[in-house]
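> Structure: target-v1.txt, compact mmCIF, C-alpha atoms and all ligand atoms.
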# COMPACT_ATOMS: atom_id res chain seq x y z
CA MET U 1 -3.44 42.26 22.79
CA THR U 2 -1.94 42.47 26.24
CA LEU U 3 0.90 40.27 27.29
CA SER U 4 0.43 38.28 30.42
CA ARG U 5 3.33 38.65 32.82
CA PRO U 6 4.32 34.95 32.90
CA ILE U 7 4.63 34.97 29.08
CA THR U 8 6.79 38.09 29.12
CA GLN U 9 9.16 36.40 31.55
CA ALA U 10 9.18 33.10 29.69
CA ALA U 11 9.77 34.88 26.36
CA SER U 12 12.67 36.79 27.83
CA ALA U 13 14.21 33.54 29.14
CA LEU U 14 13.70 31.90 25.76
CA ARG U 15 15.39 34.84 23.99
CA ASP U 16 18.41 34.41 26.25
CA ARG U 17 18.55 30.69 25.59
CA PHE U 18 18.17 31.28 21.85
CA ARG U 19 21.13 33.70 21.82
CA GLU U 20 23.21 31.29 23.88
CA VAL U 21 22.60 28.20 21.71
CA ARG U 22 23.04 30.08 18.43
CA ALA U 23 26.32 31.59 19.66
CA ALA U 24 27.57 28.14 20.69
CA SER U 25 27.35 26.91 17.07
CA LEU U 26 29.48 29.79 15.85
CA ALA U 27 31.97 29.18 18.65
CA LEU U 28 32.34 25.54 17.54
CA ALA U 29 33.06 26.64 13.98
CA ALA U 30 35.47 29.38 15.02
CA PRO U 31 38.68 27.25 15.07
CA LEU U 32 38.03 26.16 11.45
CA SER U 33 39.15 27.83 8.23
CA ALA U 34 36.76 28.51 5.35
CA GLU U 35 38.28 25.49 3.53
CA ASP U 36 37.69 23.28 6.59
CA GLN U 37 34.08 24.45 6.78
CA CYS U 38 33.27 23.56 3.17
CA ILE U 39 34.49 19.98 3.03
CA GLN U 40 32.31 16.84 3.05
CA SER U 41 34.36 13.71 3.69
CA MET U 42 31.58 11.15 3.11
CA PRO U 43 27.87 11.15 2.27
CA ASP U 44 26.90 10.67 5.94
CA ALA U 45 28.89 13.68 7.13
CA SER U 46 28.00 17.28 6.34
CA PRO U 47 30.20 20.36 6.01
CA THR U 48 30.41 22.74 8.98
CA LYS U 49 29.02 25.54 6.82
CA TRP U 50 26.03 23.38 5.91
CA HIS U 51 25.28 22.68 9.60
CA LEU U 52 25.39 26.43 10.32
CA ALA U 53 23.01 27.14 7.44
CA HIS U 54 20.65 24.19 7.86
CA THR U 55 19.95 24.92 11.55
CA THR U 56 19.11 28.48 10.43
CA TRP U 57 16.89 27.18 7.65
CA PHE U 58 15.00 25.15 10.29
CA PHE U 59 14.04 28.30 12.24
CA GLU U 60 13.22 30.15 9.03
CA THR U 61 11.04 27.37 7.63
CA VAL U 62 9.32 25.96 10.69
CA LEU U 63 8.99 29.10 12.80
CA LEU U 64 9.34 32.35 10.87
CA GLN U 65 7.60 31.69 7.55
CA PRO U 66 4.42 30.28 9.10
CA HIS U 67 4.33 32.30 12.33
CA ALA U 68 6.16 35.64 11.95
CA PRO U 69 3.86 38.12 10.16
CA GLY U 70 5.65 39.92 7.31
CA TYR U 71 8.84 37.84 7.54
CA ARG U 72 10.93 38.05 4.34
CA PRO U 73 13.25 35.11 3.64
CA PHE U 74 16.97 35.92 3.41
CA ASP U 75 17.27 34.12 0.05
CA THR U 76 14.40 32.03 -1.29
CA ARG U 77 16.88 29.68 -3.03
CA PHE U 78 18.12 28.50 0.37
CA HIS U 79 14.85 26.61 0.81
CA TYR U 80 16.09 24.02 -1.71
CA LEU U 81 19.70 24.22 -0.63
CA PHE U 82 19.38 23.64 3.11
CA ASN U 83 16.38 21.33 3.49
CA SER U 84 17.83 18.12 4.93
CA TYR U 85 15.22 15.39 4.55
CA TYR U 86 11.73 16.91 4.81
CA GLU U 87 9.68 15.40 1.98
CA ALA U 88 6.68 17.56 2.88
CA LEU U 89 8.76 20.63 1.98
CA GLY U 90 9.60 19.44 -1.51
CA PRO U 91 12.80 18.55 -3.35
CA ARG U 92 16.24 19.43 -2.00
CA HIS U 93 19.92 19.48 -2.81
CA PRO U 94 21.28 15.88 -2.71
CA ARG U 95 22.89 15.02 0.61
CA PRO U 96 26.09 13.50 -0.85
CA GLN U 97 26.75 16.76 -2.73
CA ARG U 98 26.74 19.17 0.21
CA GLY U 99 30.52 19.46 -0.07
CA LEU U 100 30.17 21.08 -3.50
CA LEU U 101 28.65 24.22 -2.03
CA THR U 102 31.53 26.66 -2.25
CA ARG U 103 28.74 29.27 -2.37
CA PRO U 104 27.19 30.71 -0.29
CA SER U 105 30.41 31.66 1.41
CA VAL U 106 30.97 31.32 5.14
CA ASP U 107 30.41 35.08 5.44
CA GLU U 108 27.10 34.82 3.60
CA VAL U 109 26.03 31.98 5.88
CA HIS U 110 26.89 34.15 8.86
CA ALA U 111 24.76 36.94 7.37
CA TYR U 112 21.91 34.41 6.89
CA ARG U 113 22.22 33.44 10.55
CA GLY U 114 22.15 37.10 11.59
CA HIS U 115 19.03 37.79 9.50
CA VAL U 116 17.14 34.86 11.01
CA ASP U 117 18.37 35.52 14.54
CA GLU U 118 17.09 39.07 14.37
CA ALA U 119 13.68 37.93 13.14
CA VAL U 120 13.35 35.23 15.81
CA LEU U 121 14.34 37.66 18.58
CA ARG U 122 11.91 40.24 17.20
CA LEU U 123 9.13 37.65 17.18
CA LEU U 124 9.88 36.67 20.79
CA ASP U 125 9.89 40.35 21.73
CA SER U 126 6.52 41.08 20.12
CA ASP U 127 3.09 41.00 21.72
CA ILE U 128 2.50 37.29 22.00
CA GLY U 129 -0.90 36.18 23.22
CA ASP U 130 -1.47 32.95 25.14
CA GLN U 131 -2.53 31.10 22.04
CA ASP U 132 0.40 32.19 19.88
CA TRP U 133 2.83 31.48 22.69
CA ALA U 134 1.46 27.94 22.94
CA THR U 135 2.34 27.52 19.25
CA ILE U 136 5.65 29.40 19.12
CA GLU U 137 7.36 28.24 22.31
CA PRO U 138 7.47 24.51 21.40
CA ILE U 139 8.81 25.32 17.91
CA VAL U 140 11.62 27.53 19.23
CA THR U 141 12.49 24.90 21.83
CA LEU U 142 12.52 22.17 19.18
CA GLY U 143 14.71 24.37 16.96
CA LEU U 144 17.20 24.86 19.79
CA ASN U 145 17.35 21.13 20.55
CA HIS U 146 17.75 20.49 16.83
CA GLU U 147 20.62 22.97 16.70
CA GLN U 148 22.31 21.25 19.66
CA GLN U 149 22.10 17.92 17.84
CA HIS U 150 23.82 19.54 14.88
CA GLN U 151 26.49 21.00 17.18
CA GLU U 152 27.54 17.46 18.04
CA LEU U 153 27.36 16.43 14.36
CA LEU U 154 29.44 19.46 13.41
CA LEU U 155 32.22 18.09 15.64
CA THR U 156 31.93 14.42 14.63
CA ASP U 157 31.73 15.37 10.95
CA ILE U 158 34.74 17.70 10.99
CA LEU U 159 36.71 15.13 12.99
CA HIS U 160 36.03 12.61 10.23
CA ALA U 161 37.10 15.14 7.58
CA LEU U 162 40.30 15.97 9.45
CA SER U 163 41.03 12.25 9.96
CA CYS U 164 41.09 11.90 6.15
CA ASN U 165 43.93 14.42 5.92
CA PRO U 166 47.38 12.78 6.20
CA LEU U 167 48.56 15.78 8.25
CA LEU U 168 46.02 14.71 10.91
CA PRO U 169 45.33 18.32 11.93
CA ALA U 170 43.91 19.03 15.38
CA TYR U 171 40.47 20.64 15.44
CA LYS U 172 41.73 22.51 18.47
CA PRO U 173 45.18 22.01 19.97
CA ALA U 174 45.01 20.82 23.58
CA ALA U 175 45.94 23.56 26.04
CA GLY U 176 48.18 21.15 27.93
CA PRO U 177 48.83 17.47 28.43
CA ALA U 178 45.75 15.26 28.41
CA LEU U 179 44.02 15.00 31.75
CA ARG U 180 44.99 11.76 33.40
CA LEU U 181 42.44 9.82 35.33
CA ALA U 182 43.46 6.86 37.48
CA ALA U 183 46.94 5.61 36.54
CA VAL U 184 45.81 1.99 36.54
CA PRO U 185 42.43 1.27 34.97
CA PRO U 186 40.12 0.18 37.75
CA ALA U 187 38.76 -3.32 37.37
CA MET U 188 35.25 -3.39 36.02
CA ARG U 189 32.63 -4.46 38.55
CA TRP U 190 29.26 -6.07 37.87
CA LEU U 191 26.24 -4.41 39.43
CA PRO U 192 23.34 -6.90 39.81
CA GLN U 193 19.94 -5.43 38.93
CA PRO U 194 16.62 -6.94 39.98
CA GLY U 195 14.76 -6.40 36.70
CA GLY U 196 10.98 -6.74 36.93
CA MET U 197 8.45 -4.24 35.64
CA VAL U 198 10.04 -0.83 35.15
CA GLN U 199 8.81 2.52 33.84
CA VAL U 200 10.70 3.82 30.82
CA GLY U 201 10.45 6.87 28.58
CA HIS U 202 9.94 10.55 29.24
CA GLU U 203 7.26 12.01 31.44
CA GLY U 204 6.56 15.24 33.17
CA GLN U 205 7.90 18.72 32.62
CA GLY U 206 10.62 19.75 30.24
CA PHE U 207 11.41 19.12 26.61
CA ALA U 208 11.72 15.63 25.15
CA PHE U 209 11.69 14.37 21.57
CA ASP U 210 8.65 12.42 20.44
CA ASN U 211 10.71 9.22 20.21
CA GLU U 212 11.09 9.18 24.03
CA THR U 213 7.32 8.97 24.52
CA PRO U 214 4.93 7.72 25.68
CA ARG U 215 6.28 6.58 29.02
CA HIS U 216 5.35 2.95 29.45
CA GLN U 217 6.15 -0.28 31.24
CA ALA U 218 8.85 -2.73 30.23
CA LEU U 219 9.50 -6.15 31.72
CA LEU U 220 13.17 -6.92 32.47
CA GLN U 221 14.68 -10.21 33.54
CA PRO U 222 17.26 -9.96 36.34
CA TYR U 223 20.55 -8.79 34.83
CA ALA U 224 23.91 -7.31 35.71
CA ILE U 225 25.41 -4.14 34.24
CA ALA U 226 29.01 -2.96 34.25
CA ASP U 227 29.83 -0.11 36.63
CA ARG U 228 31.89 1.67 33.96
CA LEU U 229 32.43 1.93 30.23
CA VAL U 230 34.75 -0.37 28.30
CA ASN U 231 38.01 1.54 28.07
CA CYS U 232 40.83 1.65 25.53
CA GLY U 233 43.00 -0.67 27.61
CA ASP U 234 40.24 -3.30 27.64
CA TYR U 235 39.72 -2.90 23.92
CA ALA U 236 43.45 -3.17 23.14
CA GLN U 237 43.33 -6.63 24.76
CA PHE U 238 40.50 -7.63 22.42
CA ILE U 239 42.61 -6.51 19.45
CA ALA U 240 45.71 -8.29 20.78
CA ASP U 241 43.67 -11.46 21.27
CA GLY U 242 42.84 -11.49 17.54
CA GLY U 243 39.38 -9.99 17.99
CA TYR U 244 39.29 -8.70 14.42
CA GLN U 245 40.41 -12.07 13.01
CA ARG U 246 37.88 -14.35 14.75
CA PRO U 247 34.58 -14.68 12.87
CA GLU U 248 32.97 -16.59 15.76
CA LEU U 249 32.85 -13.33 17.75
CA TRP U 250 31.02 -11.36 15.09
CA LEU U 251 27.48 -10.97 13.82
CA SER U 252 27.32 -12.02 10.17
CA ASP U 253 26.87 -8.46 8.87
CA GLY U 254 29.61 -7.30 11.21
CA TRP U 255 32.08 -9.87 9.95
CA ALA U 256 31.20 -8.88 6.36
CA ALA U 257 31.98 -5.25 7.28
CA VAL U 258 35.32 -6.25 8.83
CA GLN U 259 36.22 -8.05 5.61
CA ALA U 260 34.96 -5.40 3.23
CA GLN U 261 36.32 -2.37 5.12
CA GLY U 262 39.52 -3.93 6.43
CA TRP U 263 38.69 -2.93 10.03
CA ARG U 264 41.46 -3.88 12.48
CA HIS U 265 40.89 -1.31 15.25
CA PRO U 266 38.52 1.56 16.17
CA ALA U 267 38.10 4.19 13.46
CA TYR U 268 40.67 6.70 14.73
CA TRP U 269 43.27 4.40 16.25
CA ILE U 270 46.62 4.55 14.48
CA GLU U 271 49.27 1.85 14.54
CA ALA U 272 52.69 2.97 15.75
CA ASN U 273 54.36 2.31 12.39
CA ASP U 274 51.85 4.45 10.44
CA PRO U 275 53.73 6.64 7.93
CA ARG U 276 51.49 9.62 8.72
CA LEU U 277 52.95 9.83 12.22
CA GLY U 278 56.02 11.87 13.10
CA THR U 279 59.10 9.96 14.17
CA GLN U 280 58.46 10.79 17.82
CA GLN U 281 54.94 9.37 17.76
CA GLN U 282 56.22 6.25 15.99
CA GLN U 283 58.15 5.35 19.14
CA GLY U 284 55.07 4.56 21.18
CA GLY U 285 52.23 2.06 20.97
CA TRP U 286 48.71 2.86 19.77
CA GLN U 287 48.02 6.49 18.89
CA VAL U 288 44.49 7.89 18.79
CA PHE U 289 43.28 10.76 16.61
CA GLY U 290 40.77 13.06 18.27
CA LEU U 291 39.67 16.67 18.49
CA HIS U 292 43.07 17.56 19.96
CA GLY U 293 44.98 15.77 17.19
CA VAL U 294 47.06 12.62 17.62
CA ARG U 295 47.62 11.58 21.23
CA PRO U 296 49.01 8.40 22.78
CA MET U 297 46.22 5.94 23.54
CA GLU U 298 45.08 6.31 27.16
CA ALA U 299 44.21 2.94 28.64
CA ASP U 300 41.62 4.35 31.04
CA ALA U 301 39.79 6.55 28.53
CA PRO U 302 36.50 5.10 27.22
CA VAL U 303 36.95 3.45 23.83
CA SER U 304 35.22 5.49 21.15
CA GLN U 305 34.45 5.56 17.41
CA LEU U 306 33.18 1.98 17.43
CA SER U 307 30.44 0.59 15.23
CA PHE U 308 27.66 -1.45 16.79
CA TYR U 309 29.27 -4.51 15.20
CA GLU U 310 32.56 -3.90 17.01
CA ALA U 311 30.76 -3.23 20.29
CA ALA U 312 28.81 -6.48 19.94
CA ALA U 313 31.95 -8.47 19.02
CA TYR U 314 33.82 -7.06 22.00
CA ALA U 315 30.92 -8.02 24.31
CA GLU U 316 30.93 -11.56 22.89
CA TRP U 317 34.69 -11.82 23.45
CA ALA U 318 34.23 -10.59 27.03
CA GLY U 319 31.61 -13.29 27.73
CA ALA U 320 28.91 -10.66 28.05
CA ARG U 321 26.44 -8.74 25.89
CA LEU U 322 25.21 -5.21 25.31
CA PRO U 323 22.40 -3.94 27.56
CA THR U 324 19.00 -3.32 26.06
CA GLU U 325 18.00 0.32 26.08
CA PHE U 326 15.54 -0.34 28.91
CA GLU U 327 18.12 -2.18 31.02
CA TRP U 328 20.35 0.85 30.51
CA GLU U 329 17.62 3.32 31.45
CA ALA U 330 16.54 1.34 34.52
CA ALA U 331 20.16 1.24 35.76
CA PHE U 332 20.77 4.96 35.21
CA ASP U 333 20.77 5.79 38.92
CA ALA U 334 21.99 2.40 40.17
CA PRO U 335 24.30 2.70 43.19
CA GLY U 336 27.94 2.45 42.11
CA ILE U 337 27.33 3.08 38.40
CA SER U 338 29.51 5.65 36.65
CA GLN U 339 30.10 7.24 33.23
CA MET U 340 26.42 7.08 32.25
CA ALA U 341 26.48 10.45 30.46
CA GLY U 342 28.93 12.78 28.81
CA HIS U 343 31.72 10.37 27.76
CA VAL U 344 30.65 8.30 24.76
CA TRP U 345 27.29 7.27 23.37
CA GLN U 346 26.67 3.68 24.45
CA TRP U 347 25.44 1.20 21.88
CA THR U 348 22.51 -0.86 23.13
CA ARG U 349 21.13 -4.15 21.81
CA SER U 350 17.79 -2.43 21.07
CA SER U 351 16.42 -1.68 17.63
CA TYR U 352 15.23 1.88 17.19
CA ASP U 353 11.50 1.21 17.34
CA PRO U 354 8.46 3.29 18.22
CA TYR U 355 7.25 2.99 21.80
CA PRO U 356 3.74 1.60 22.27
CA GLY U 357 1.34 4.41 21.42
CA PHE U 358 4.02 6.55 19.71
CA ARG U 359 2.69 9.57 17.86
CA PRO U 360 5.02 11.82 15.83
CA MET U 361 5.21 15.54 16.56
CA PRO U 362 2.59 17.60 14.67
CA GLY U 363 3.21 19.35 11.35
CA ILE U 364 6.50 19.32 9.47
CA ALA U 365 8.28 17.96 12.56
CA ALA U 366 6.42 14.67 12.05
CA GLU U 367 9.38 13.71 9.83
CA TYR U 368 11.88 14.44 12.60
CA ASN U 369 12.22 10.97 14.15
CA GLY U 370 9.50 8.48 13.31
CA LYS U 371 10.41 7.82 9.69
CA PHE U 372 13.91 6.67 10.70
CA MET U 373 12.64 3.85 12.90
CA VAL U 374 14.00 0.98 10.86
CA GLY U 375 17.45 -0.59 10.49
CA GLN U 376 19.06 1.43 13.30
CA LEU U 377 20.19 0.73 16.85
CA VAL U 378 19.63 2.90 19.92
CA LEU U 379 22.54 4.57 21.72
CA ARG U 380 22.18 6.10 25.16
CA GLY U 381 24.00 8.52 27.40
CA GLY U 382 25.57 11.36 25.41
CA SER U 383 29.22 12.06 24.64
CA VAL U 384 31.98 14.59 25.18
CA ALA U 385 30.64 16.37 22.09
CA THR U 386 27.04 16.56 23.33
CA PRO U 387 26.15 20.08 24.50
CA ALA U 388 25.74 20.28 28.28
CA GLY U 389 22.17 19.72 29.38
CA HIS U 390 21.04 18.37 26.02
CA THR U 391 20.38 14.75 27.03
CA ARG U 392 18.25 12.98 29.62
CA PRO U 393 18.08 9.40 30.94
CA SER U 394 15.24 8.79 28.45
CA TYR U 395 17.13 10.31 25.47
CA ARG U 396 17.43 8.02 22.45
CA ASN U 397 20.16 8.53 19.88
CA PHE U 398 20.24 6.18 16.88
CA PHE U 399 22.61 5.16 14.12
CA PRO U 400 22.91 2.30 11.63
CA PRO U 401 25.05 -0.59 12.95
CA ALA U 402 28.07 0.12 10.73
CA ALA U 403 28.36 3.81 11.74
CA ARG U 404 31.68 4.49 13.48
CA TRP U 405 32.35 8.20 13.11
CA GLN U 406 30.41 9.17 16.23
CA PHE U 407 31.74 9.25 19.77
CA SER U 408 30.27 5.78 20.30
CA GLY U 409 31.46 3.09 22.68
CA LEU U 410 29.94 0.57 25.02
CA ARG U 411 29.12 -0.72 28.47
CA LEU U 412 28.70 -4.43 29.12
CA ALA U 413 25.72 -6.26 30.53
CA LYS U 414 25.01 -9.92 31.21
CA ASP U 415 22.27 -12.29 32.26
CA VAL U 416 22.26 -13.56 35.81
FE FE D 501 18.63 18.72 10.96
Would you mind writing the file's structure down as C-alpha cells?
Ligand SMILES: [Fe+2]

Amino acid sequence: MTLSRPITQAASALRDRFREVRAASLALAAPLSAEDQCIQSMPDASPTKWHLAHTTWFFETVLLQPHAPGYRPFDTRFHYLFNSYYEALGPRHPRPQRGLLTRPSVDEVHAYRGHVDEAVLRLLDSDIGDQDWATIEPIVTLGLNHEQQHQELLLTDILHALSCNPLLPAYKPAAGPALRLAAVPPAMRWLPQPGGMVQVGHEGQGFAFDNETPRHQALLQPYAIADRLVNCGDYAQFIADGGYQRPELWLSDGWAAVQAQGWRHPAYWIEANDPRLGTQQQQGGWQVFGLHGVRPMEADAPVSQLSFYEAAAYAEWAGARLPTEFEWEAAFDAPGISQMAGHVWQWTRSSYDPYPGFRPMPGIAAEYNGKFMVGQLVLRGGSVATPAGHTRPSYRNFFPPAARWQFSGLRLAKDV
C-alpha cells in the first residue's frame, strides 16, 4: 500500500505530538520520590504511578491491541490492574485500592511506558492507508487528550496527598517569591449581556470530546457576568462575615457537608495558629497550601479548591448567583472579561447533562463521558494545572458538588 503524502505529513506531526505529551507526564512526575508516587490519599485521588500506567494502558488497549498487527502486551496482568472504569473491558482492580500497588515499581511503569511508546511510534511510522489512518488518528488524538486530563489529575491528586502530610511538603519549591499582580484587588465590574438565542457547543475543525457536541441553540435571558474571578480577598470577607456559620446561605446538601466535614475555609487554607506551621508563618494571617508549599494568602489570586456548595454559598452571600454553563460560554469573548481560562475551573449552575442529540463516541470510548452524566455539575475554563492548549470555550469539565480537591473556584453572575 502506498502512503499518500498528506498522511505521511500528518503522521509525522502526530508522532511529534505524541512524544511531547508523553514526555510531559514524566516531567510532571519527576519532582516526586517513589514513595510520593505510590500514595493514594482518598478513593477519588489516584497515585502518580497509577496515572502514568493507566494512560499507557489506554493506548495499549484502545489503539495497539486492536489496530497494531503483531503487538505483544508488556504484561497481560496490567489489563486488570490499570483499567479505570471500562465495564466493556471486564473486571478491574478496585479504585480505592490503587494506593496498595507497591508493585509494579516506578521503574517498571517507566519500562511499560517505553514499550508502548515504541509500539505507537512504530505504528504511526508504518504504511498507513487512508482507511486505517481514519481509524487510528482519532484514537491517538483521544489518547493524548486523555493523557492531558490525567496530567492535571496527577497534580491535583498529589497536592491532596501532600496536604495530608503535616510537613506540608512543596510539590516543587517556587524559584522565587510569588508573582504579584495588582497590589490592590481591582473592584469587580458587572458586564451586562443581552442573552437571546445563542449557539453553544463545539463545531468545526479540531478535537473535541463527545460531551461538547452537538452544537445547538440555547435561549438565555438578559444577564450580567463578573469581569473577573472571585479572589481570595473577596472570599476572606465571606469567611469573616460568618459565611460558614450561616445556614441561610447554603443549599441543604451543602450545609450538611459543612456540618459533617467541619468546613470553615477552602480546602487548603490554613489558619495562622495551625500547629503544622513554622513559627514564622504563624505570624501572618491566612496561609494557603499549594504546589509551591505554604505561602501567605494573596488577596488578588483567584480563590481555589472550593466545592460547588461553597461557590454557591459565596454567590448567595454576594447577592448574586453562579452563571449557567451557556451564559459562561456566550460571554467567553465579551469585551472587558478576563480570567476565562487558565486560572481555576469555574463552577457553573448547570447539571452535567447530555446536549440535545448527544451520541457517545464509538467503541470502548462510549464509556468515556456519557455514563457520568448524572449527579455532577459542569465547570468551565481550565486551571493553572491544565496543560496549555487542552481546553476550548466549549470544553466541559465535571465533578460532584462536594469535590474540593481540584483547582476550582468561581465567577459571579446575576439576573438583570
Ligand atoms: Fe482515564
> Could you make a table, as a Markdown table, of the residues of chain U that have an atom within 12 Å of an atom of ligand FE 501 (chain D), each with its nearest atom pair and distance in Å to one decimal, counting only C-alpha atoms and all ligand atoms, in chain and number order?

| residue | atom | partner | partner_atom | distance |
| --- | --- | --- | --- | --- |
| U:Ser46 | CA | D:FE501 | FE | 10.5 |
| U:Trp50 | CA | D:FE501 | FE | 10.1 |
| U:His51 | CA | D:FE501 | FE | 7.9 |
| U:Leu52 | CA | D:FE501 | FE | 10.3 |
| U:Ala53 | CA | D:FE501 | FE | 10.1 |
| U:His54 | CA | D:FE501 | FE | 6.6 |
| U:Thr55 | CA | D:FE501 | FE | 6.4 |
| U:Thr56 | CA | D:FE501 | FE | 9.8 |
| U:Trp57 | CA | D:FE501 | FE | 9.2 |
| U:Phe58 | CA | D:FE501 | FE | 7.4 |
| U:Phe59 | CA | D:FE501 | FE | 10.7 |
| U:Thr61 | CA | D:FE501 | FE | 12.0 |
| U:Val62 | CA | D:FE501 | FE | 11.8 |
| U:Phe82 | CA | D:FE501 | FE | 9.3 |
| U:Asn83 | CA | D:FE501 | FE | 8.2 |
| U:Ser84 | CA | D:FE501 | FE | 6.1 |
| U:Tyr85 | CA | D:FE501 | FE | 8.0 |
| U:Tyr86 | CA | D:FE501 | FE | 9.4 |
| U:Arg95 | CA | D:FE501 | FE | 11.8 |
| U:Leu142 | CA | D:FE501 | FE | 10.8 |
| U:Gly143 | CA | D:FE501 | FE | 9.1 |
| U:Leu144 | CA | D:FE501 | FE | 10.8 |
| U:Asn145 | CA | D:FE501 | FE | 10.0 |
| U:His146 | CA | D:FE501 | FE | 6.2 |
| U:Glu147 | CA | D:FE501 | FE | 7.4 |
| U:Gln148 | CA | D:FE501 | FE | 9.8 |
| U:Gln149 | CA | D:FE501 | FE | 7.7 |
| U:His150 | CA | D:FE501 | FE | 6.6 |
| U:Gln151 | CA | D:FE501 | FE | 10.3 |
| U:Glu152 | CA | D:FE501 | FE | 11.4 |
| U:Leu153 | CA | D:FE501 | FE | 9.6 |
| U:Leu154 | CA | D:FE501 | FE | 11.1 |
| U:Ala365 | CA | D:FE501 | FE | 10.5 |
| U:Glu367 | CA | D:FE501 | FE | 10.6 |
| U:Tyr368 | CA | D:FE501 | FE | 8.2 |
| U:Asn369 | CA | D:FE501 | FE | 10.6 |
> Pick out the closest residue to Tyr268 in chain U from this set: U:Glu137, U:Gln406, U:Ala311, U:Tyr355. Count only C-alpha atoms.
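The closest residue to Tyr268 in chain U is U:Gln406.
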> Counting only C-alpha atoms, what is within 8 Å of Gln97 in chain U, bar same-chain residues fewer than 4 positions away, as a PyMOL selection string?
chain U and resi 43+93+101
> Which range 173-292 of chain U residues have any atom within 7 Å of an atom of range 409-413 of chain U, and for each, what is the nearest pair of atoms with distance in Å to one decimal, counting only C-alpha atoms, rows sorted by chain and number, as a tab-separated table?

residue	atom	partner	partner_atom	distance
U:Ala224	CA	U:Ala413	CA	5.6
U:Ile225	CA	U:Ala413	CA	4.3
U:Ala226	CA	U:Leu412	CA	5.3
U:Arg228	CA	U:Arg411	CA	6.6
U:Leu229	CA	U:Arg411	CA	4.6
U:Val230	CA	U:Arg411	CA	5.6
> For the contact check between range 145-250 of chain U and range 327-337 of chain U, emit one row per residue of range 145-250 of chain U within 10 Å, containing the shortest atom pair and the distance in Å rounded to one decimal, counting all atoms listed in the file, chain then rising number order, as a tab-separated table.

residue	atom	partner	partner_atom	distance
U:Arg189	CA	U:Gly336	CA	9.1
U:Trp190	CA	U:Ile337	CA	9.4
U:Leu191	CA	U:Gly336	CA	7.6
U:Pro192	CA	U:Ala334	CA	9.4
U:Gln193	CA	U:Ala331	CA	7.4
U:Pro194	CA	U:Ala331	CA	9.9
U:Gly195	CA	U:Glu327	CA	7.8
U:Met197	CA	U:Ala330	CA	9.9
U:Val198	CA	U:Ala330	CA	6.9
U:Gln199	CA	U:Ala330	CA	7.8
U:Val200	CA	U:Glu329	CA	7.0
U:Gly201	CA	U:Glu329	CA	8.5
U:Ala218	CA	U:Glu327	CA	9.3
U:Leu219	CA	U:Glu327	CA	9.5
U:Leu220	CA	U:Glu327	CA	7.0
U:Gln221	CA	U:Glu327	CA	9.1
U:Pro222	CA	U:Glu327	CA	9.5
U:Tyr223	CA	U:Glu327	CA	8.0
U:Ala224	CA	U:Glu327	CA	9.0
U:Ile225	CA	U:Ala331	CA	7.7
U:Ala226	CA	U:Ile337	CA	7.5
U:Asp227	CA	U:Ile337	CA	4.4
U:Arg228	CA	U:Ile337	CA	6.5
U:Leu229	CA	U:Ile337	CA	9.7
> Quick one: everything within 10 Å of Arg122 in chain U, counting all atoms listed in the file, minus sequence neighbours fewer than 6 positions away in the same chain. Send it as an NGL selection string.
:U and (15 or 68 or 116)
> Can you work out which one of U:Thr348, U:Gln259, U:Ser33, U:Gln281 has the shortest atom-to-atom distance to Asp107 in chain U, counting only C-alpha atoms?
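The answer is U:Ser33, which sits nearest to Asp107 in chain U.
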> Residues near Gln65 in chain U, anyone? I mean within 12 Å using only C-alpha atoms, not counting same-chain ones fewer than 6 positions away, as a JSON list (two decimals) with C-alpha atoms, keeping the file's coordinate frame.

[["chain", "number", "residue", "atom", "x", "y", "z"],
["U", 57, "TRP", "CA", 16.89, 27.18, 7.65],
["U", 58, "PHE", "CA", 15.00, 25.15, 10.29],
["U", 59, "PHE", "CA", 14.04, 28.30, 12.24],
["U", 71, "TYR", "CA", 8.84, 37.84, 7.54],
["U", 72, "ARG", "CA", 10.93, 38.05, 4.34],
["U", 73, "PRO", "CA", 13.25, 35.11, 3.64],
["U", 74, "PHE", "CA", 16.97, 35.92, 3.41],
["U", 76, "THR", "CA", 14.40, 32.03, -1.29],
["U", 79, "HIS", "CA", 14.85, 26.61, 0.81],
["U", 116, "VAL", "CA", 17.14, 34.86, 11.01],
["U", 119, "ALA", "CA", 13.68, 37.93, 13.14],
["U", 120, "VAL", "CA", 13.35, 35.23, 15.81],
["U", 123, "LEU", "CA", 9.13, 37.65, 17.18],
["U", 136, "ILE", "CA", 5.65, 29.40, 19.12]]
> Could you check which of U:His160, U:Arg246, U:His292, U:Arg396 is closest to Glu325 in chain U, using only C-alpha atoms?
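The shortest atom-to-atom distance to Glu325 in chain U comes from U:Arg396.
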> For Pro360 in chain U, work out the shell of residues within 7 Å, counting all atoms listed in the file and skipping chain neighbours fewer than 6 positions away, then give it as a PDB file with C-alpha atoms, in the coordinates of the input.

ATOM      1  CA  ASP U 210       8.650  12.420  20.440  1.00  0.00           C
ATOM      2  CA  ALA U 366       6.420  14.670  12.050  1.00  0.00           C
ATOM      3  CA  GLY U 370       9.500   8.480  13.310  1.00  0.00           C
TER       4      GLY U 370
END
> Nearest to Gly284 in chain U: which of U:Pro296, U:Pro323, U:Pro362, U:Pro66 is it, counting only C-alpha atoms?
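Ranked by minimum distance to Gly284 in chain U, first place goes to U:Pro296.
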> What is the CA of Leu64 in chain U to CA of Asp132 in chain U distance in Å?
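Separation of CA of Leu64 in chain U and CA of Asp132 in chain U: 12.7 Å.
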> What is the distance, in Å and to one decimal place, between CA of Leu167 in chain U and CA of Leu28 in chain U?
21.1 Å
